[in-house]
$ cat coords-v4.cif   # mmCIF, C-alpha atoms and all ligand atoms
data_query
loop_
_atom_site.label_atom_id
_atom_site.label_comp_id
_atom_site.auth_asym_id
_atom_site.auth_seq_id
_atom_site.Cartn_x
_atom_site.Cartn_y
_atom_site.Cartn_z
CA MET E 1 130.27 148.48 25.11
CA SER E 2 129.37 150.45 28.15
CA SER E 3 131.35 153.12 29.88
CA VAL E 4 130.96 155.47 32.77
CA GLY E 5 132.68 158.78 32.36
CA PRO E 6 132.14 162.36 33.46
CA SER E 7 128.66 162.82 31.98
CA GLN E 8 127.20 159.42 32.72
CA ASP E 9 125.39 158.19 35.76
CA ALA E 10 124.62 154.49 35.72
CA ASN E 11 125.99 151.12 36.45
CA ALA E 12 127.47 149.57 33.36
CA PRO E 13 125.35 146.60 32.32
CA SER E 14 126.80 144.41 29.65
CA GLY E 15 125.60 141.00 28.48
CA GLY E 16 123.12 140.80 31.36
CA ILE E 17 125.72 141.38 34.08
CA SER E 18 125.42 144.58 36.09
CA TRP E 19 128.81 146.08 36.93
CA PRO E 20 129.38 148.68 39.67
CA ALA E 21 131.05 151.10 37.27
CA GLN E 22 129.43 154.27 38.59
CA ALA E 23 130.19 153.46 42.23
CA ILE E 24 133.83 152.80 41.38
CA ARG E 25 134.14 156.00 39.40
CA ALA E 26 132.46 157.97 42.20
CA ALA E 27 134.95 156.59 44.71
CA VAL E 28 137.93 157.55 42.55
CA VAL E 29 137.12 160.86 40.81
CA SER E 30 137.87 163.12 43.74
CA SER E 31 141.53 162.10 43.50
CA LEU E 32 141.60 161.39 39.73
CA PRO E 33 139.04 163.67 38.02
CA ASP E 34 139.42 162.23 34.50
CA PHE E 35 139.13 158.59 35.62
CA THR E 36 136.62 156.42 33.74
CA VAL E 37 135.37 152.85 33.97
CA GLU E 38 134.58 150.90 30.83
CA VAL E 39 133.04 147.45 30.41
CA LEU E 40 133.37 145.44 27.21
CA PRO E 41 131.53 142.19 26.49
CA GLU E 42 134.60 140.87 24.66
CA ILE E 43 138.12 141.93 23.70
CA ASP E 44 141.36 140.11 22.90
CA SER E 45 143.06 141.31 26.10
CA THR E 46 142.39 144.31 28.31
CA ASN E 47 146.15 144.89 28.66
CA THR E 48 146.65 144.75 24.89
CA GLU E 49 143.73 147.11 24.30
CA LEU E 50 144.96 149.74 26.77
CA MET E 51 148.45 149.66 25.25
CA ARG E 52 146.89 150.06 21.77
CA ARG E 53 144.96 153.07 23.01
CA ALA E 54 148.05 154.57 24.67
CA ARG E 55 149.96 154.28 21.39
CA ALA E 56 147.05 156.15 19.77
CA GLY E 57 147.42 158.93 22.37
CA GLN E 58 144.65 157.89 24.80
CA MET E 59 146.34 157.88 28.17
CA ALA E 60 143.70 159.15 30.60
CA PRO E 61 143.28 156.93 33.67
CA VAL E 62 140.84 154.11 32.94
CA LEU E 63 139.69 150.82 34.36
CA LEU E 64 138.83 148.55 31.44
CA LEU E 65 136.95 145.37 32.22
CA ALA E 66 136.20 142.58 29.76
CA GLU E 67 133.57 139.96 30.42
CA GLN E 68 135.46 137.71 28.04
CA GLN E 69 139.02 137.86 26.75
CA THR E 70 139.83 135.93 23.58
CA ALA E 71 143.62 136.29 23.89
CA GLY E 72 144.29 136.95 27.56
CA ARG E 73 147.97 137.12 28.40
CA GLY E 74 149.94 136.12 31.49
CA ARG E 75 153.51 136.63 32.58
CA LEU E 76 156.49 135.14 30.80
CA GLY E 77 154.60 134.93 27.50
CA ARG E 78 151.96 132.55 28.84
CA ASP E 79 148.25 132.58 27.96
CA TRP E 80 145.64 133.55 30.51
CA GLN E 81 142.39 131.72 29.91
CA SER E 82 139.08 132.53 31.51
CA GLN E 83 135.40 132.09 30.80
CA ARG E 84 132.62 134.68 30.94
CA GLY E 85 131.13 134.88 34.43
CA GLU E 86 133.76 132.57 35.90
CA SER E 87 136.52 135.14 36.38
CA LEU E 88 137.16 138.82 36.84
CA THR E 89 139.47 140.23 34.16
CA PHE E 90 140.34 143.91 34.05
CA SER E 91 143.20 146.34 33.54
CA LEU E 92 143.91 149.68 35.11
CA GLY E 93 145.78 152.06 32.80
CA LEU E 94 147.23 155.40 33.82
CA PRO E 95 150.29 157.61 33.52
CA LEU E 96 152.53 157.02 36.54
CA ALA E 97 155.76 158.64 37.73
CA PRO E 98 157.13 156.91 40.83
CA ALA E 99 160.74 157.69 41.76
CA ASP E 100 161.38 153.92 41.75
CA TRP E 101 159.23 151.31 40.02
CA SER E 102 160.53 148.39 42.10
CA GLY E 103 157.79 146.50 43.88
CA LEU E 104 154.78 147.82 41.97
CA SER E 105 153.42 144.34 41.21
CA LEU E 106 153.77 143.41 44.88
CA ALA E 107 151.89 146.54 45.96
CA VAL E 108 149.11 145.64 43.50
CA GLY E 109 148.92 142.09 44.88
CA ILE E 110 148.79 143.36 48.45
CA SER E 111 145.95 145.73 47.64
CA VAL E 112 143.88 143.10 45.83
CA ALA E 113 144.47 140.49 48.55
CA GLU E 114 143.68 142.87 51.41
CA SER E 115 140.48 144.02 49.69
CA LEU E 116 139.23 140.47 49.36
CA HIS E 117 140.12 138.23 52.32
CA PRO E 118 142.61 137.83 55.20
CA ASP E 119 143.46 134.26 54.13
CA ILE E 120 144.75 135.18 50.66
CA ARG E 121 148.49 134.72 50.38
CA LEU E 122 150.98 136.35 48.03
CA LYS E 123 153.50 134.51 45.93
CA TRP E 124 156.36 136.71 44.78
CA PRO E 125 156.21 138.56 42.49
CA ASN E 126 152.74 138.57 40.91
CA ASP E 127 150.41 135.88 42.21
CA LEU E 128 147.64 135.55 44.77
CA TRP E 129 147.48 132.04 46.20
CA LEU E 130 145.33 130.01 48.52
CA SER E 131 147.34 127.78 50.82
CA ASP E 132 145.63 125.48 53.30
CA ALA E 133 145.06 121.84 54.14
CA ARG E 134 143.79 121.26 50.58
CA GLY E 135 147.12 122.37 49.17
CA GLU E 136 148.27 125.40 47.20
CA ARG E 137 146.21 126.94 44.43
CA LYS E 138 146.62 130.03 42.30
CA LEU E 139 143.73 132.43 42.81
CA ALA E 140 144.83 135.39 40.70
CA GLY E 141 147.64 136.72 38.57
CA ILE E 142 148.89 140.21 37.79
CA LEU E 143 150.48 141.37 34.54
CA ILE E 144 152.10 144.83 34.57
CA GLU E 145 153.30 146.46 31.38
CA THR E 146 154.71 149.94 30.83
CA ALA E 147 155.51 152.10 27.82
CA SER E 148 157.19 155.49 27.52
CA PHE E 149 155.72 158.26 25.40
CA GLY E 150 158.16 161.15 25.51
CA GLU E 151 158.41 162.23 29.14
CA LEU E 152 155.34 160.25 30.15
CA ARG E 153 155.37 156.65 31.33
CA TYR E 154 152.07 154.82 30.96
CA VAL E 155 151.39 151.69 32.99
CA VAL E 156 148.83 148.96 32.43
CA ILE E 157 148.07 146.80 35.45
CA GLY E 158 146.14 143.67 34.47
CA VAL E 159 144.40 141.51 37.04
CA GLY E 160 142.86 138.08 36.40
CA LEU E 161 140.96 136.64 39.37
CA ASN E 162 139.20 133.28 39.44
CA ILE E 163 135.73 133.62 40.91
CA ARG E 164 134.04 130.25 40.33
CA PRO E 165 135.43 126.69 40.14
CA GLN E 166 137.99 126.31 37.36
CA GLY E 167 139.49 123.36 35.52
CA GLY E 168 143.24 123.11 35.99
CA ALA E 169 144.42 121.08 32.99
CA GLY E 170 147.95 121.98 31.95
CA LEU E 171 148.56 124.43 34.80
CA ALA E 172 151.74 124.19 36.87
CA THR E 173 149.82 125.29 39.96
CA PRO E 174 146.21 124.16 40.28
CA PRO E 175 143.63 126.94 40.31
CA GLY E 176 141.77 128.20 43.34
CA TRP E 177 138.72 130.47 43.22
CA LEU E 178 137.33 133.25 45.36
CA GLN E 179 134.10 131.41 46.13
CA GLU E 180 136.19 128.98 48.22
CA LEU E 181 136.67 131.88 50.67
CA LEU E 182 133.54 133.92 49.94
CA PRO E 183 130.74 131.53 48.98
CA GLY E 184 128.31 133.07 46.50
CA VAL E 185 130.51 136.04 45.59
CA ASP E 186 130.31 137.07 41.93
CA ALA E 187 132.61 139.01 39.63
CA PRO E 188 130.84 142.41 40.02
CA GLN E 189 131.00 142.10 43.81
CA ALA E 190 134.69 141.22 43.64
CA LEU E 191 135.34 144.21 41.37
CA ALA E 192 133.48 146.50 43.78
CA ARG E 193 135.76 145.33 46.59
CA VAL E 194 139.06 145.75 44.79
CA ALA E 195 138.87 148.56 42.21
CA ALA E 196 138.89 151.86 44.10
CA LEU E 197 141.34 150.58 46.71
CA LEU E 198 143.64 149.42 43.92
CA VAL E 199 143.71 152.91 42.40
CA GLN E 200 144.46 154.28 45.87
CA ALA E 201 147.27 151.77 46.41
CA VAL E 202 148.86 152.54 43.03
CA ARG E 203 148.83 156.25 43.80
CA ALA E 204 150.28 155.62 47.26
CA PHE E 205 153.02 153.57 45.59
CA GLU E 206 153.68 156.44 43.19
CA ALA E 207 154.11 158.87 46.09
CA LEU E 208 155.90 156.69 48.63
CA GLY E 209 157.38 153.70 46.81
CA PHE E 210 157.25 150.12 48.08
CA ALA E 211 158.55 150.65 51.64
CA PRO E 212 155.10 151.16 53.26
CA PHE E 213 153.95 147.89 51.67
CA GLN E 214 156.89 145.72 52.80
CA ALA E 215 155.47 144.46 56.11
CA ARG E 216 152.08 143.89 54.50
CA PHE E 217 153.65 141.69 51.83
CA ASN E 218 155.69 139.76 54.36
CA ALA E 219 152.56 139.06 56.43
CA ARG E 220 151.02 137.18 53.47
CA ASP E 221 154.18 135.79 51.86
CA VAL E 222 153.52 132.15 50.94
CA LEU E 223 157.23 131.44 50.30
CA ARG E 224 158.53 132.72 53.61
CA ASP E 225 161.01 130.34 55.32
CA ARG E 226 160.48 127.72 52.63
CA GLU E 227 162.84 126.00 50.23
CA VAL E 228 162.47 127.46 46.75
CA SER E 229 163.94 127.04 43.31
CA VAL E 230 164.65 130.14 41.26
CA SER E 231 164.67 129.67 37.46
CA ASP E 232 166.05 132.34 35.16
CA GLY E 233 164.19 131.02 32.11
CA GLN E 234 167.51 130.14 30.39
CA GLY E 235 167.94 126.79 32.11
CA GLY E 236 169.66 128.20 35.20
CA VAL E 237 168.14 127.04 38.47
CA THR E 238 169.26 128.09 41.95
CA ARG E 239 167.98 126.59 45.19
CA GLY E 240 167.70 128.31 48.52
CA SER E 241 165.35 129.37 51.26
CA ALA E 242 163.09 132.40 50.97
CA HIS E 243 163.15 135.11 53.66
CA GLY E 244 160.64 137.74 52.69
CA VAL E 245 161.14 140.91 50.67
CA THR E 246 163.26 144.03 51.08
CA ASP E 247 161.91 147.58 51.19
CA THR E 248 162.22 147.68 47.40
CA GLY E 249 160.34 144.41 46.91
CA ALA E 250 163.34 142.19 46.11
CA LEU E 251 162.90 138.58 47.24
CA LEU E 252 165.55 137.50 49.73
CA VAL E 253 166.78 133.97 49.00
CA HIS E 254 169.51 132.38 51.07
CA THR E 255 171.60 130.18 48.76
CA LYS E 256 174.93 128.40 49.06
CA ALA E 257 176.50 131.63 47.82
CA GLY E 258 174.88 133.67 50.61
CA MET E 259 171.83 135.91 50.71
CA GLN E 260 170.68 136.91 47.22
CA GLN E 261 168.20 139.62 46.28
CA ILE E 262 165.99 138.43 43.43
CA THR E 263 164.65 141.37 41.49
CA SER E 264 164.03 140.32 37.90
CA SER E 265 160.44 139.81 36.88
CA GLU E 266 161.77 137.33 34.31
CA VAL E 267 162.64 134.76 36.97
CA SER E 268 160.17 132.25 38.25
CA VAL E 269 160.25 131.13 41.87
CA ARG E 270 158.57 127.95 43.03
CA PRO E 271 158.27 126.41 46.48
CA LEU E 272 159.91 122.98 46.52
CA PRO E 273 157.60 120.07 47.33
CA GLY E 274 157.96 117.95 50.42
CA ARG E 275 157.90 120.64 53.07
CA ALA E 276 154.57 121.82 54.31
CA ASP E 277 153.99 125.51 54.84
CA PRO E 278 154.38 125.79 58.62
CA SER E 279 151.72 128.50 58.84
CA ALA E 280 149.09 126.64 56.79
C1 LIG H 301 149.86 135.76 35.31
O1 LIG H 301 149.51 135.15 36.32
O2 LIG H 301 150.70 135.29 34.54
C2 LIG H 301 149.24 137.09 35.03
C3 LIG H 301 147.83 136.96 34.53
C4 LIG H 301 147.19 138.30 34.21
C5 LIG H 301 145.84 138.15 33.55
C6 LIG H 301 145.13 139.45 33.39
S1 LIG H 301 143.45 139.24 32.90
C7 LIG H 301 143.30 140.95 32.60
C8 LIG H 301 144.59 141.38 31.94
N1 LIG H 301 144.54 141.15 30.51
C9 LIG H 301 145.40 140.23 30.11
O3 LIG H 301 145.55 139.83 28.94
N2 LIG H 301 146.09 139.77 31.14
C10 LIG H 301 145.71 140.43 32.38
#
$ encode --input "coords-v4.cif" --output "structure tokens"
Amino acid sequence: MSSVGPSQDANAPSGGISWPAQAIRAAVVSSLPDFTVEVLPEIDSTNTELMRRARAGQMAPVLLLAEQQTAGRGRLGRDWQSQRGESLTFSLGLPLAPADWSGLSLAVGISVAESLHPDIRLKWPNDLWLSDARGERKLAGILIETASFGELRYVVIGVGLNIRPQGGAGLATPPGWLQELLPGVDAPQALARVAALLVQAVRAFEALGFAPFQARFNARDVLRDREVSVSDGQGGVTRGSAHGVTDTGALLVHTKAGMQQITSSEVSVRPLPGRADPSA
């Protein structure tokens, strides 16, 4: 294990990879003095570990990165699989007190996408996609979990980002990888681009809510003006056309019953095949 906290002054090398832990901490401490960066060679899941620590009373702001997860988790109870050196897998844990939590996962996606490349698209509510002549591929996923401890609400924001070519067996959406857009980029470089700006975005969300992020989401929205199906996970499926997000991050879907605002993170929204993305 390697960590960079108040009394340390080095990058965090682990398993031969050199991580920009000190630079990230230096960029964040002026606004979050007790922020630390920690790199582990292996853990079950960075989200699971930060929640374990929070239950044990450790709730200081931390970015925990794992070079390998053995039980990575995705949304809706799915697994998240990644191989050492092929992906970037980390979680940001901190106490947070926004007036309204709606849209946090979208704000996280916007921050990560904007830090990396103008061509990265967002798929409501938690995914970063590539969408071009080669088709649509999932580049990254976000898993946000919260827990209350008395008055305090602790949030864990997990990000899994494909860096190098990935196999796609069994995946509903084929994978894309960052090197398609940034040839030669590696996981430490990707982390250096996203980490401090992500902390900044989360704190901006805490202060201002989702409204300042709305236009930025809509500019990258991969579902916009497309036919979609909305599944509630209980067998219920609704079809409609997607029309961007509201100032609280709800997805607007025009259905036979009129305009609906989709808010639940338990629903899954998929573009319907057969219509090309007009902006691709
Ligand atoms: C999804 O697309 O379903 C979300 C995937 C989130 C994966 C990341 S990897 C780091 C963090 N730890 C986990 O176990 N999951 C998140």
$ atom_distance --input "coords-v4.cif" --atom1 "CA of Gly258 (chain E)" --atom2 "CA of Arg216 (chain E)"
25.3 Å
$ closest_residue --input "coords-v4.cif" --among "E:Ile157, E:Glu227, E:Ser18, E:Ser148" --to "Asn47 (chain E)" --atoms "all atoms listed in the file"
E:Ile157
$ closest_residue --input "coords-v4.cif" --among "E:Ser115, E:Ser31, E:Gln68, E:Thr46" --to "Ala195 (chain E)" --atoms "only C-alpha atoms"
E:Ser115
$ atom_distance --input "coords-v4.cif" --atom1 "CA of Ala99 (chain E)" --atom2 "CA of Leu208 (chain E)"
8.5 Å
$ residues_around --input "coords-v4.cif" --residues "Pro212 (chain E)" --least-positions-apart "6" --cutoff "9 Å" --atoms "all atoms listed in the file" --output "tab-separated table (two decimals) with C-alpha atoms, in the frame of the given file"
chain	number	residue	atom	x	y	z
E	204	ALA	CA	150.28	155.62	47.26
E	205	PHE	CA	153.02	153.57	45.59
E	247	ASP	CA	161.91	147.58	51.19
$ residues_near_ligand --input "coords-v4.cif" --ligand "ligand LIG 301 (chain H)" --cutoff "9 Å" --atoms "all atoms listed in the file" --output "PyMOL selection string"
chain E and resi 44-49+64-66+69-82+87-92+126-128+138+140-144+156-161
$ residues_around --input "coords-v4.cif" --residues "Trp129 (chain E)" --least-positions-apart "6" --cutoff "7 Å" --atoms "all atoms listed in the file" --output "VMD selection string"
chain E and resid 120 to 123 136 to 140
$ atom_distance --input "coords-v4.cif" --atom1 "CA of Glu151 (chain E)" --atom2 "CA of Arg203 (chain E)"
18.5 Å
$ closest_residue --input "coords-v4.cif" --among "E:Ser105, E:Asn162, E:Gln83, E:Asp221" --to "Leu252 (chain E)" --atoms "all atoms listed in the file"
E:Asp221
$ residues_near_point --input "coords-v4.cif" --point "(136.6, 123.2, 38.5)" --cutoff "12 Å" --atoms "only C-alpha atoms" --output "list in words"
Ser82, Gln83, Glu86, Arg137, Asn162, Ile163, Arg164, Pro165, Gln166, Gly167, Gly168, Ala169, Pro174, Pro175, Gly176, Trp177, Gln179 and Glu180 of chain E
$ decode --input "coords-v4.cif" --residues "region 180-206 of chain E" --atoms "N, CA, C and O atoms" --output "PDB file, in the first residue's frame"
ATOM      1  N   GLU E 180      -8.391   4.984 -27.679  1.00  0.00           N
ATOM      2  CA  GLU E 180      -8.987   5.259 -28.996  1.00  0.00           C
ATOM      3  C   GLU E 180      -8.959   6.761 -29.286  1.00  0.00           C
ATOM      4  O   GLU E 180      -8.845   7.175 -30.431  1.00  0.00           O
ATOM      5  N   LEU E 181      -9.114   7.566 -28.210  1.00  0.00           N
ATOM      6  CA  LEU E 181      -9.124   9.025 -28.372  1.00  0.00           C
ATOM      7  C   LEU E 181      -7.763   9.642 -28.094  1.00  0.00           C
ATOM      8  O   LEU E 181      -7.409  10.669 -28.672  1.00  0.00           O
ATOM      9  N   LEU E 182      -7.038   9.042 -27.154  1.00  0.00           N
ATOM     10  CA  LEU E 182      -5.737   9.575 -26.731  1.00  0.00           C
ATOM     11  C   LEU E 182      -4.714   8.459 -26.844  1.00  0.00           C
ATOM     12  O   LEU E 182      -4.406   7.782 -25.850  1.00  0.00           O
ATOM     13  N   PRO E 183      -4.188   8.217 -28.042  1.00  0.00           N
ATOM     14  CA  PRO E 183      -3.260   7.099 -28.217  1.00  0.00           C
ATOM     15  C   PRO E 183      -2.080   7.206 -27.246  1.00  0.00           C
ATOM     16  O   PRO E 183      -1.534   8.287 -27.051  1.00  0.00           O
ATOM     17  N   GLY E 184      -1.762   6.089 -26.612  1.00  0.00           N
ATOM     18  CA  GLY E 184      -0.597   6.043 -25.725  1.00  0.00           C
ATOM     19  C   GLY E 184      -0.876   6.471 -24.297  1.00  0.00           C
ATOM     20  O   GLY E 184      -0.015   6.333 -23.429  1.00  0.00           O
ATOM     21  N   VAL E 185      -2.071   6.996 -24.028  1.00  0.00           N
ATOM     22  CA  VAL E 185      -2.350   7.444 -22.658  1.00  0.00           C
ATOM     23  C   VAL E 185      -2.359   6.233 -21.719  1.00  0.00           C
ATOM     24  O   VAL E 185      -2.738   5.129 -22.116  1.00  0.00           O
ATOM     25  N   ASP E 186      -1.884   6.439 -20.476  1.00  0.00           N
ATOM     26  CA  ASP E 186      -1.938   5.329 -19.519  1.00  0.00           C
ATOM     27  C   ASP E 186      -2.797   5.726 -18.318  1.00  0.00           C
ATOM     28  O   ASP E 186      -3.267   6.866 -18.212  1.00  0.00           O
ATOM     29  N   ALA E 187      -2.986   4.773 -17.414  1.00  0.00           N
ATOM     30  CA  ALA E 187      -3.904   5.012 -16.296  1.00  0.00           C
ATOM     31  C   ALA E 187      -3.431   6.152 -15.392  1.00  0.00           C
ATOM     32  O   ALA E 187      -4.244   7.004 -14.998  1.00  0.00           O
ATOM     33  N   PRO E 188      -2.125   6.237 -15.031  1.00  0.00           N
ATOM     34  CA  PRO E 188      -1.701   7.382 -14.209  1.00  0.00           C
ATOM     35  C   PRO E 188      -1.956   8.727 -14.889  1.00  0.00           C
ATOM     36  O   PRO E 188      -2.366   9.700 -14.244  1.00  0.00           O
ATOM     37  N   GLN E 189      -1.742   8.797 -16.187  1.00  0.00           N
ATOM     38  CA  GLN E 189      -1.991  10.065 -16.896  1.00  0.00           C
ATOM     39  C   GLN E 189      -3.481  10.408 -16.883  1.00  0.00           C
ATOM     40  O   GLN E 189      -3.870  11.564 -16.718  1.00  0.00           O
ATOM     41  N   ALA E 190      -4.304   9.390 -17.047  1.00  0.00           N
ATOM     42  CA  ALA E 190      -5.754   9.629 -17.018  1.00  0.00           C
ATOM     43  C   ALA E 190      -6.172  10.111 -15.631  1.00  0.00           C
ATOM     44  O   ALA E 190      -6.953  11.053 -15.493  1.00  0.00           O
ATOM     45  N   LEU E 191      -5.614   9.473 -14.592  1.00  0.00           N
ATOM     46  CA  LEU E 191      -5.945   9.895 -13.224  1.00  0.00           C
ATOM     47  C   LEU E 191      -5.537  11.346 -12.999  1.00  0.00           C
ATOM     48  O   LEU E 191      -6.285  12.132 -12.404  1.00  0.00           O
ATOM     49  N   ALA E 192      -4.341  11.696 -13.473  1.00  0.00           N
ATOM     50  CA  ALA E 192      -3.854  13.075 -13.295  1.00  0.00           C
ATOM     51  C   ALA E 192      -4.805  14.077 -13.954  1.00  0.00           C
ATOM     52  O   ALA E 192      -4.999  15.184 -13.456  1.00  0.00           O
ATOM     53  N   ARG E 193      -5.413  13.683 -15.057  1.00  0.00           N
ATOM     54  CA  ARG E 193      -6.329  14.604 -15.740  1.00  0.00           C
ATOM     55  C   ARG E 193      -7.635  14.761 -14.997  1.00  0.00           C
ATOM     56  O   ARG E 193      -8.217  15.852 -14.986  1.00  0.00           O
ATOM     57  N   VAL E 194      -8.131  13.675 -14.388  1.00  0.00           N
ATOM     58  CA  VAL E 194      -9.500  13.752 -13.871  1.00  0.00           C
ATOM     59  C   VAL E 194      -9.624  14.081 -12.381  1.00  0.00           C
ATOM     60  O   VAL E 194     -10.634  14.652 -11.959  1.00  0.00           O
ATOM     61  N   ALA E 195      -8.622  13.695 -11.558  1.00  0.00           N
ATOM     62  CA  ALA E 195      -8.877  13.611 -10.111  1.00  0.00           C
ATOM     63  C   ALA E 195      -9.191  14.953  -9.445  1.00  0.00           C
ATOM     64  O   ALA E 195     -10.241  15.101  -8.804  1.00  0.00           O
ATOM     65  N   ALA E 196      -8.283  15.929  -9.589  1.00  0.00           N
ATOM     66  CA  ALA E 196      -8.495  17.186  -8.867  1.00  0.00           C
ATOM     67  C   ALA E 196      -9.739  17.912  -9.384  1.00  0.00           C
ATOM     68  O   ALA E 196     -10.508  18.501  -8.611  1.00  0.00           O
ATOM     69  N   LEU E 197      -9.964  17.846 -10.683  1.00  0.00           N
ATOM     70  CA  LEU E 197     -11.151  18.506 -11.247  1.00  0.00           C
ATOM     71  C   LEU E 197     -12.430  17.821 -10.781  1.00  0.00           C
ATOM     72  O   LEU E 197     -13.472  18.462 -10.622  1.00  0.00           O
ATOM     73  N   LEU E 198     -12.345  16.513 -10.539  1.00  0.00           N
ATOM     74  CA  LEU E 198     -13.526  15.806 -10.025  1.00  0.00           C
ATOM     75  C   LEU E 198     -13.866  16.278  -8.613  1.00  0.00           C
ATOM     76  O   LEU E 198     -15.036  16.538  -8.293  1.00  0.00           O
ATOM     77  N   VAL E 199     -12.837  16.414  -7.776  1.00  0.00           N
ATOM     78  CA  VAL E 199     -13.091  16.918  -6.416  1.00  0.00           C
ATOM     79  C   VAL E 199     -13.739  18.310  -6.501  1.00  0.00           C
ATOM     80  O   VAL E 199     -14.728  18.608  -5.820  1.00  0.00           O
ATOM     81  N   GLN E 200     -13.190  19.135  -7.387  1.00  0.00           N
ATOM     82  CA  GLN E 200     -13.733  20.494  -7.563  1.00  0.00           C
ATOM     83  C   GLN E 200     -15.198  20.451  -8.017  1.00  0.00           C
ATOM     84  O   GLN E 200     -16.043  21.186  -7.508  1.00  0.00           O
ATOM     85  N   ALA E 201     -15.491  19.563  -8.945  1.00  0.00           N
ATOM     86  CA  ALA E 201     -16.866  19.470  -9.469  1.00  0.00           C
ATOM     87  C   ALA E 201     -17.828  19.002  -8.381  1.00  0.00           C
ATOM     88  O   ALA E 201     -18.955  19.503  -8.269  1.00  0.00           O
ATOM     89  N   VAL E 202     -17.389  18.043  -7.564  1.00  0.00           N
ATOM     90  CA  VAL E 202     -18.261  17.527  -6.507  1.00  0.00           C
ATOM     91  C   VAL E 202     -18.539  18.620  -5.485  1.00  0.00           C
ATOM     92  O   VAL E 202     -19.660  18.780  -4.991  1.00  0.00           O
ATOM     93  N   ARG E 203     -17.537  19.434  -5.203  1.00  0.00           N
ATOM     94  CA  ARG E 203     -17.747  20.516  -4.231  1.00  0.00           C
ATOM     95  C   ARG E 203     -18.604  21.631  -4.838  1.00  0.00           C
ATOM     96  O   ARG E 203     -19.395  22.265  -4.150  1.00  0.00           O
ATOM     97  N   ALA E 204     -18.464  21.847  -6.143  1.00  0.00           N
ATOM     98  CA  ALA E 204     -19.344  22.832  -6.802  1.00  0.00           C
ATOM     99  C   ALA E 204     -20.782  22.330  -6.774  1.00  0.00           C
ATOM    100  O   ALA E 204     -21.728  23.093  -6.528  1.00  0.00           O
ATOM    101  N   PHE E 205     -20.957  21.020  -6.994  1.00  0.00           N
ATOM    102  CA  PHE E 205     -22.297  20.435  -6.924  1.00  0.00           C
ATOM    103  C   PHE E 205     -22.876  20.611  -5.521  1.00  0.00           C
ATOM    104  O   PHE E 205     -24.045  20.948  -5.355  1.00  0.00           O
ATOM    105  N   GLU E 206     -22.038  20.390  -4.510  1.00  0.00           N
ATOM    106  CA  GLU E 206     -22.516  20.525  -3.126  1.00  0.00           C
ATOM    107  C   GLU E 206     -23.024  21.949  -2.869  1.00  0.00           C
ATOM    108  O   GLU E 206     -24.051  22.155  -2.228  1.00  0.00           O
TER     109      GLU E 206
END
